[in-house]
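What follows is start.cif (mmCIF, C-alpha atoms).
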```cif
data_coords
loop_
_atom_site.group_PDB
_atom_site.id
_atom_site.type_symbol
_atom_site.label_atom_id
_atom_site.label_comp_id
_atom_site.auth_asym_id
_atom_site.auth_seq_id
_atom_site.Cartn_x
_atom_site.Cartn_y
_atom_site.Cartn_z
ATOM 1 C CA MET I 118 0.000 0.000 0.000
ATOM 2 C CA LYS I 119 1.623 3.227 -1.106
ATOM 3 C CA LEU I 120 0.235 6.386 0.406
ATOM 4 C CA PRO I 121 0.910 9.053 -2.228
ATOM 5 C CA SER I 122 1.071 12.679 -1.182
ATOM 6 C CA VAL I 123 -2.213 13.435 -2.928
ATOM 7 C CA MET I 124 -3.941 11.280 -0.290
ATOM 8 C CA PHE I 125 -2.790 13.738 2.317
ATOM 9 C CA ASP I 126 -4.778 16.678 1.020
ATOM 10 C CA ARG I 127 -7.120 17.407 3.938
ATOM 11 C CA ARG I 128 -9.875 18.583 1.614
ATOM 12 C CA CYS I 129 -10.363 15.234 -0.123
ATOM 13 C CA THR I 130 -9.204 12.489 2.237
ATOM 14 C CA SER I 131 -10.726 10.743 5.186
ATOM 15 C CA PHE I 132 -7.897 10.390 7.663
ATOM 16 C CA ILE I 133 -9.893 7.788 9.520
ATOM 17 C CA PHE I 134 -9.770 5.666 6.365
ATOM 18 C CA VAL I 135 -6.033 6.225 5.840
ATOM 19 C CA SER I 136 -5.320 5.570 9.509
ATOM 20 C CA THR I 137 -7.335 2.349 9.365
ATOM 21 C CA GLU I 138 -5.427 1.216 6.287
ATOM 22 C CA ILE I 139 -2.109 1.955 7.971
ATOM 23 C CA ARG I 140 -3.204 0.026 11.065
ATOM 24 C CA LYS I 141 -4.159 -2.958 8.878
ATOM 25 C CA VAL I 142 -0.832 -2.960 7.032
ATOM 26 C CA LEU I 143 1.244 -2.615 10.207
ATOM 27 C CA SER I 144 -0.842 -5.197 12.095
ATOM 28 C CA SER I 145 -0.375 -7.650 9.248
ATOM 29 C CA ILE I 146 3.388 -7.107 9.251
ATOM 30 C CA ALA I 147 3.530 -7.417 13.061
ATOM 31 C CA LYS I 148 1.992 -10.909 12.816
ATOM 32 C CA THR I 149 4.943 -12.061 10.724
ATOM 33 C CA LYS I 150 7.529 -14.084 12.612
ATOM 34 C CA GLY I 151 10.384 -11.805 13.676
ATOM 35 C CA CYS I 152 8.327 -8.621 13.237
ATOM 36 C CA GLU I 153 6.381 -8.687 16.507
ATOM 37 C CA ALA I 154 8.263 -5.618 17.803
ATOM 38 C CA LEU I 155 6.256 -3.492 15.381
ATOM 39 C CA THR I 156 3.099 -3.981 17.463
ATOM 40 C CA GLU I 157 4.010 -1.244 19.930
ATOM 41 C CA TRP I 158 4.635 1.206 17.062
ATOM 42 C CA ILE I 159 1.194 0.914 15.446
ATOM 43 C CA LYS I 160 -0.610 3.447 17.645
ATOM 44 C CA PRO I 161 2.300 5.939 17.528
ATOM 45 C CA CYS I 162 2.226 5.668 13.722
ATOM 46 C CA GLU I 163 -1.480 6.511 13.685
ATOM 47 C CA ARG I 164 -0.842 9.467 15.999
ATOM 48 C CA HIS I 165 2.019 10.592 13.775
ATOM 49 C CA LEU I 166 -0.301 10.579 10.760
ATOM 50 C CA HIS I 167 -2.821 12.707 12.670
ATOM 51 C CA TRP I 168 -0.094 15.116 13.792
ATOM 52 C CA SER I 169 1.297 15.327 10.241
ATOM 53 C CA ALA I 170 -2.078 16.503 8.966
ATOM 54 C CA THR I 171 -3.200 18.733 11.811
ATOM 55 C CA SER I 172 0.131 20.524 12.165
ATOM 56 C CA THR I 173 0.211 21.470 8.477
ATOM 57 C CA PHE I 174 -2.116 24.437 8.497
ATOM 58 C CA SER I 175 -1.867 25.033 4.748
ATOM 59 C CA GLY I 176 -3.177 21.521 4.056
ATOM 60 C CA ASN I 177 -0.314 20.998 1.596
ATOM 61 C CA GLY I 178 -0.300 17.273 0.857
ATOM 62 C CA ARG I 179 3.391 17.199 -0.008
ATOM 63 C CA VAL I 180 4.348 18.663 3.362
ATOM 64 C CA ILE I 181 1.987 16.301 5.195
ATOM 65 C CA TRP I 182 3.529 13.353 3.326
ATOM 66 C CA ALA I 183 7.061 14.601 4.112
ATOM 67 C CA LYS I 184 6.151 14.800 7.803
ATOM 68 C CA PHE I 185 4.493 11.379 7.802
ATOM 69 C CA LYS I 186 7.492 9.670 6.170
ATOM 70 C CA THR I 187 9.644 10.796 9.100
ATOM 71 C CA PHE I 188 7.921 8.140 11.185
ATOM 72 C CA MET I 189 10.367 5.641 9.693
ATOM 73 C CA TYR I 190 13.179 7.683 11.219
ATOM 74 C CA HIS I 191 11.393 7.865 14.576
ATOM 75 C CA VAL I 192 11.283 4.091 14.965
ATOM 76 C CA VAL I 193 15.083 3.965 14.692
ATOM 77 C CA ASN I 194 15.581 6.972 17.000
ATOM 78 C CA LYS I 195 16.758 9.400 14.308
ATOM 79 C CA HIS I 196 15.297 12.896 14.528
ATOM 80 C CA THR I 197 17.404 15.101 12.224
ATOM 81 C CA ASN I 198 18.907 15.120 8.715
ATOM 82 C CA PHE I 199 15.963 13.535 6.887
ATOM 83 C CA ASP I 200 16.099 13.106 3.119
ATOM 84 C CA ASP I 201 13.139 15.382 2.315
ATOM 85 C CA PRO I 202 13.881 19.137 2.274
ATOM 86 C CA LEU I 203 10.200 19.905 2.938
ATOM 87 C CA TYR I 204 10.608 18.494 6.438
ATOM 88 C CA ASN I 205 14.111 17.490 7.474
ATOM 89 C CA LYS I 206 14.089 17.432 11.289
ATOM 90 C CA CYS I 207 11.651 16.711 14.092
ATOM 91 C CA ALA I 208 9.818 19.464 15.920
ATOM 92 C CA HIS I 209 9.587 17.617 19.253
ATOM 93 C CA GLY I 210 11.903 17.843 22.212
ATOM 94 C CA ASN I 211 13.324 14.905 24.139
ATOM 95 C CA ILE I 212 11.523 11.584 23.790
ATOM 96 C CA GLU I 213 11.110 9.092 26.593
ATOM 97 C CA PRO I 214 13.064 5.833 26.202
ATOM 98 C CA ARG I 215 11.404 3.239 23.971
ATOM 99 C CA LYS I 216 12.155 -0.046 22.292
ATOM 100 C CA TRP I 217 13.803 1.468 19.224
ATOM 101 C CA LEU I 218 14.144 -0.614 16.113
ATOM 102 C CA LYS I 219 17.526 -0.791 14.422
ATOM 103 C CA VAL I 220 18.424 0.512 10.965
ATOM 104 C CA GLY I 221 18.742 -2.438 8.614
ATOM 105 C CA MET I 222 16.377 -4.702 10.534
ATOM 106 C CA VAL I 223 14.143 -6.773 8.282
ATOM 107 C CA ILE I 224 11.090 -5.310 10.012
ATOM 108 C CA VAL I 225 12.140 -1.741 9.112
ATOM 109 C CA LYS I 226 12.726 -2.725 5.485
ATOM 110 C CA ILE I 227 9.303 -4.399 5.269
ATOM 111 C CA VAL I 228 7.490 -1.375 6.724
ATOM 112 C CA ILE I 229 9.284 0.987 4.346
ATOM 113 C CA GLN I 230 8.353 -1.196 1.389
ATOM 114 C CA LYS I 231 4.699 -1.481 2.400
ATOM 115 C CA LEU I 232 4.006 2.092 3.540
ATOM 116 C CA ILE I 233 6.478 4.271 1.709
ATOM 117 C CA VAL I 234 7.403 2.444 -1.501
ATOM 118 C CA GLY I 235 4.066 0.648 -1.881
ATOM 119 C CA GLU I 236 5.186 -2.828 -2.854
#
```

Just give me the structure of the file as structure tokens.
Amino acid sequence: MKLPSVMFDRRCTSFIFVSTEIRKVLSSIAKTKGCEALTEWIKPCERHLHWSATSTFSGNGRVIWAKFKTFMYHVVNKHTNFDDPLYNKCAHGNIEPRKWLKVGMVIVKIVIQKLIVGE
């Protein structure tokens, strides 16, 4: 499931629908052997989608998409130097300790392919 930036235009998208689709994709991945650690990141991902939309006052879908993609950096505890110039660092302060995933883990690659690349 690829979530193109046009889906993030607040005027024409139901975020409940998109959030539900994301939950389904992540839940499905989390049921895969070796990917169970993703379970505790499903709700934060939904919240991140909501924040991405509600914090973009212009409703610009490209900016919302740029913000949402940063979730993949969050799960590996990276909060600066993102690859998208529309949004290249987090706006939050310190984050409480969590079970961070590691760059290169199979689970991270699968989530990127399903949510970001759309394979």

Check which residues satisfy the PyMOL selection byres ((chain I and resi 181-188) around 7) in the file shown, then give them as JSON, numbers by chain. {"I": [122, 125, 162, 165, 166, 169, 170, 173, 177, 178, 179, 180, 189, 190, 191, 192, 201, 203, 204]}

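The two atoms in question, atom CA of I:Phe199 and atom CA of I:Ala147, are spaced 25.1 Å apart.
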
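Of the listed residues (I:Lys150, I:Lys160, I:Lys226, I:Lys141), I:Lys226 comes nearest to I:Val193; the distances count only C-alpha atoms.
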
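Residue nearest I:Ala154, chosen from I:Arg215, I:Arg140, I:His167, I:Lys206 and counting all atoms listed in the file: I:Arg215.
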
As an exercise, work out the distance from atom CA of I:Val135 to atom CA of I:Thr156 in Å and give it to one decimal place. 18.0 Å

Could you write chain I of the block just shown to a file containing C-alpha atoms, as a short mmCIF file (atom, residue, chain, number, x, y, z; two decimals), in the first residue's frame?
```
data_model
loop_
_atom_site.label_atom_id
_atom_site.label_comp_id
_atom_site.auth_asym_id
_atom_site.auth_seq_id
_atom_site.Cartn_x
_atom_site.Cartn_y
_atom_site.Cartn_z
CA MET I 118 0.00 0.00 0.00
CA LYS I 119 1.62 3.23 -1.11
CA LEU I 120 0.23 6.39 0.41
CA PRO I 121 0.91 9.05 -2.23
CA SER I 122 1.07 12.68 -1.18
CA VAL I 123 -2.21 13.44 -2.93
CA MET I 124 -3.94 11.28 -0.29
CA PHE I 125 -2.79 13.74 2.32
CA ASP I 126 -4.78 16.68 1.02
CA ARG I 127 -7.12 17.41 3.94
CA ARG I 128 -9.88 18.58 1.61
CA CYS I 129 -10.36 15.23 -0.12
CA THR I 130 -9.20 12.49 2.24
CA SER I 131 -10.73 10.74 5.19
CA PHE I 132 -7.90 10.39 7.66
CA ILE I 133 -9.89 7.79 9.52
CA PHE I 134 -9.77 5.67 6.37
CA VAL I 135 -6.03 6.23 5.84
CA SER I 136 -5.32 5.57 9.51
CA THR I 137 -7.33 2.35 9.36
CA GLU I 138 -5.43 1.22 6.29
CA ILE I 139 -2.11 1.95 7.97
CA ARG I 140 -3.20 0.03 11.07
CA LYS I 141 -4.16 -2.96 8.88
CA VAL I 142 -0.83 -2.96 7.03
CA LEU I 143 1.24 -2.61 10.21
CA SER I 144 -0.84 -5.20 12.10
CA SER I 145 -0.38 -7.65 9.25
CA ILE I 146 3.39 -7.11 9.25
CA ALA I 147 3.53 -7.42 13.06
CA LYS I 148 1.99 -10.91 12.82
CA THR I 149 4.94 -12.06 10.72
CA LYS I 150 7.53 -14.08 12.61
CA GLY I 151 10.38 -11.81 13.68
CA CYS I 152 8.33 -8.62 13.24
CA GLU I 153 6.38 -8.69 16.51
CA ALA I 154 8.26 -5.62 17.80
CA LEU I 155 6.26 -3.49 15.38
CA THR I 156 3.10 -3.98 17.46
CA GLU I 157 4.01 -1.24 19.93
CA TRP I 158 4.64 1.21 17.06
CA ILE I 159 1.19 0.91 15.45
CA LYS I 160 -0.61 3.45 17.64
CA PRO I 161 2.30 5.94 17.53
CA CYS I 162 2.23 5.67 13.72
CA GLU I 163 -1.48 6.51 13.69
CA ARG I 164 -0.84 9.47 16.00
CA HIS I 165 2.02 10.59 13.77
CA LEU I 166 -0.30 10.58 10.76
CA HIS I 167 -2.82 12.71 12.67
CA TRP I 168 -0.09 15.12 13.79
CA SER I 169 1.30 15.33 10.24
CA ALA I 170 -2.08 16.50 8.97
CA THR I 171 -3.20 18.73 11.81
CA SER I 172 0.13 20.52 12.17
CA THR I 173 0.21 21.47 8.48
CA PHE I 174 -2.12 24.44 8.50
CA SER I 175 -1.87 25.03 4.75
CA GLY I 176 -3.18 21.52 4.06
CA ASN I 177 -0.31 21.00 1.60
CA GLY I 178 -0.30 17.27 0.86
CA ARG I 179 3.39 17.20 -0.01
CA VAL I 180 4.35 18.66 3.36
CA ILE I 181 1.99 16.30 5.19
CA TRP I 182 3.53 13.35 3.33
CA ALA I 183 7.06 14.60 4.11
CA LYS I 184 6.15 14.80 7.80
CA PHE I 185 4.49 11.38 7.80
CA LYS I 186 7.49 9.67 6.17
CA THR I 187 9.64 10.80 9.10
CA PHE I 188 7.92 8.14 11.19
CA MET I 189 10.37 5.64 9.69
CA TYR I 190 13.18 7.68 11.22
CA HIS I 191 11.39 7.86 14.58
CA VAL I 192 11.28 4.09 14.96
CA VAL I 193 15.08 3.96 14.69
CA ASN I 194 15.58 6.97 17.00
CA LYS I 195 16.76 9.40 14.31
CA HIS I 196 15.30 12.90 14.53
CA THR I 197 17.40 15.10 12.22
CA ASN I 198 18.91 15.12 8.71
CA PHE I 199 15.96 13.53 6.89
CA ASP I 200 16.10 13.11 3.12
CA ASP I 201 13.14 15.38 2.31
CA PRO I 202 13.88 19.14 2.27
CA LEU I 203 10.20 19.90 2.94
CA TYR I 204 10.61 18.49 6.44
CA ASN I 205 14.11 17.49 7.47
CA LYS I 206 14.09 17.43 11.29
CA CYS I 207 11.65 16.71 14.09
CA ALA I 208 9.82 19.46 15.92
CA HIS I 209 9.59 17.62 19.25
CA GLY I 210 11.90 17.84 22.21
CA ASN I 211 13.32 14.90 24.14
CA ILE I 212 11.52 11.58 23.79
CA GLU I 213 11.11 9.09 26.59
CA PRO I 214 13.06 5.83 26.20
CA ARG I 215 11.40 3.24 23.97
CA LYS I 216 12.16 -0.05 22.29
CA TRP I 217 13.80 1.47 19.22
CA LEU I 218 14.14 -0.61 16.11
CA LYS I 219 17.53 -0.79 14.42
CA VAL I 220 18.42 0.51 10.96
CA GLY I 221 18.74 -2.44 8.61
CA MET I 222 16.38 -4.70 10.53
CA VAL I 223 14.14 -6.77 8.28
CA ILE I 224 11.09 -5.31 10.01
CA VAL I 225 12.14 -1.74 9.11
CA LYS I 226 12.73 -2.73 5.48
CA ILE I 227 9.30 -4.40 5.27
CA VAL I 228 7.49 -1.38 6.72
CA ILE I 229 9.28 0.99 4.35
CA GLN I 230 8.35 -1.20 1.39
CA LYS I 231 4.70 -1.48 2.40
CA LEU I 232 4.01 2.09 3.54
CA ILE I 233 6.48 4.27 1.71
CA VAL I 234 7.40 2.44 -1.50
CA GLY I 235 4.07 0.65 -1.88
CA GLU I 236 5.19 -2.83 -2.85
#
```
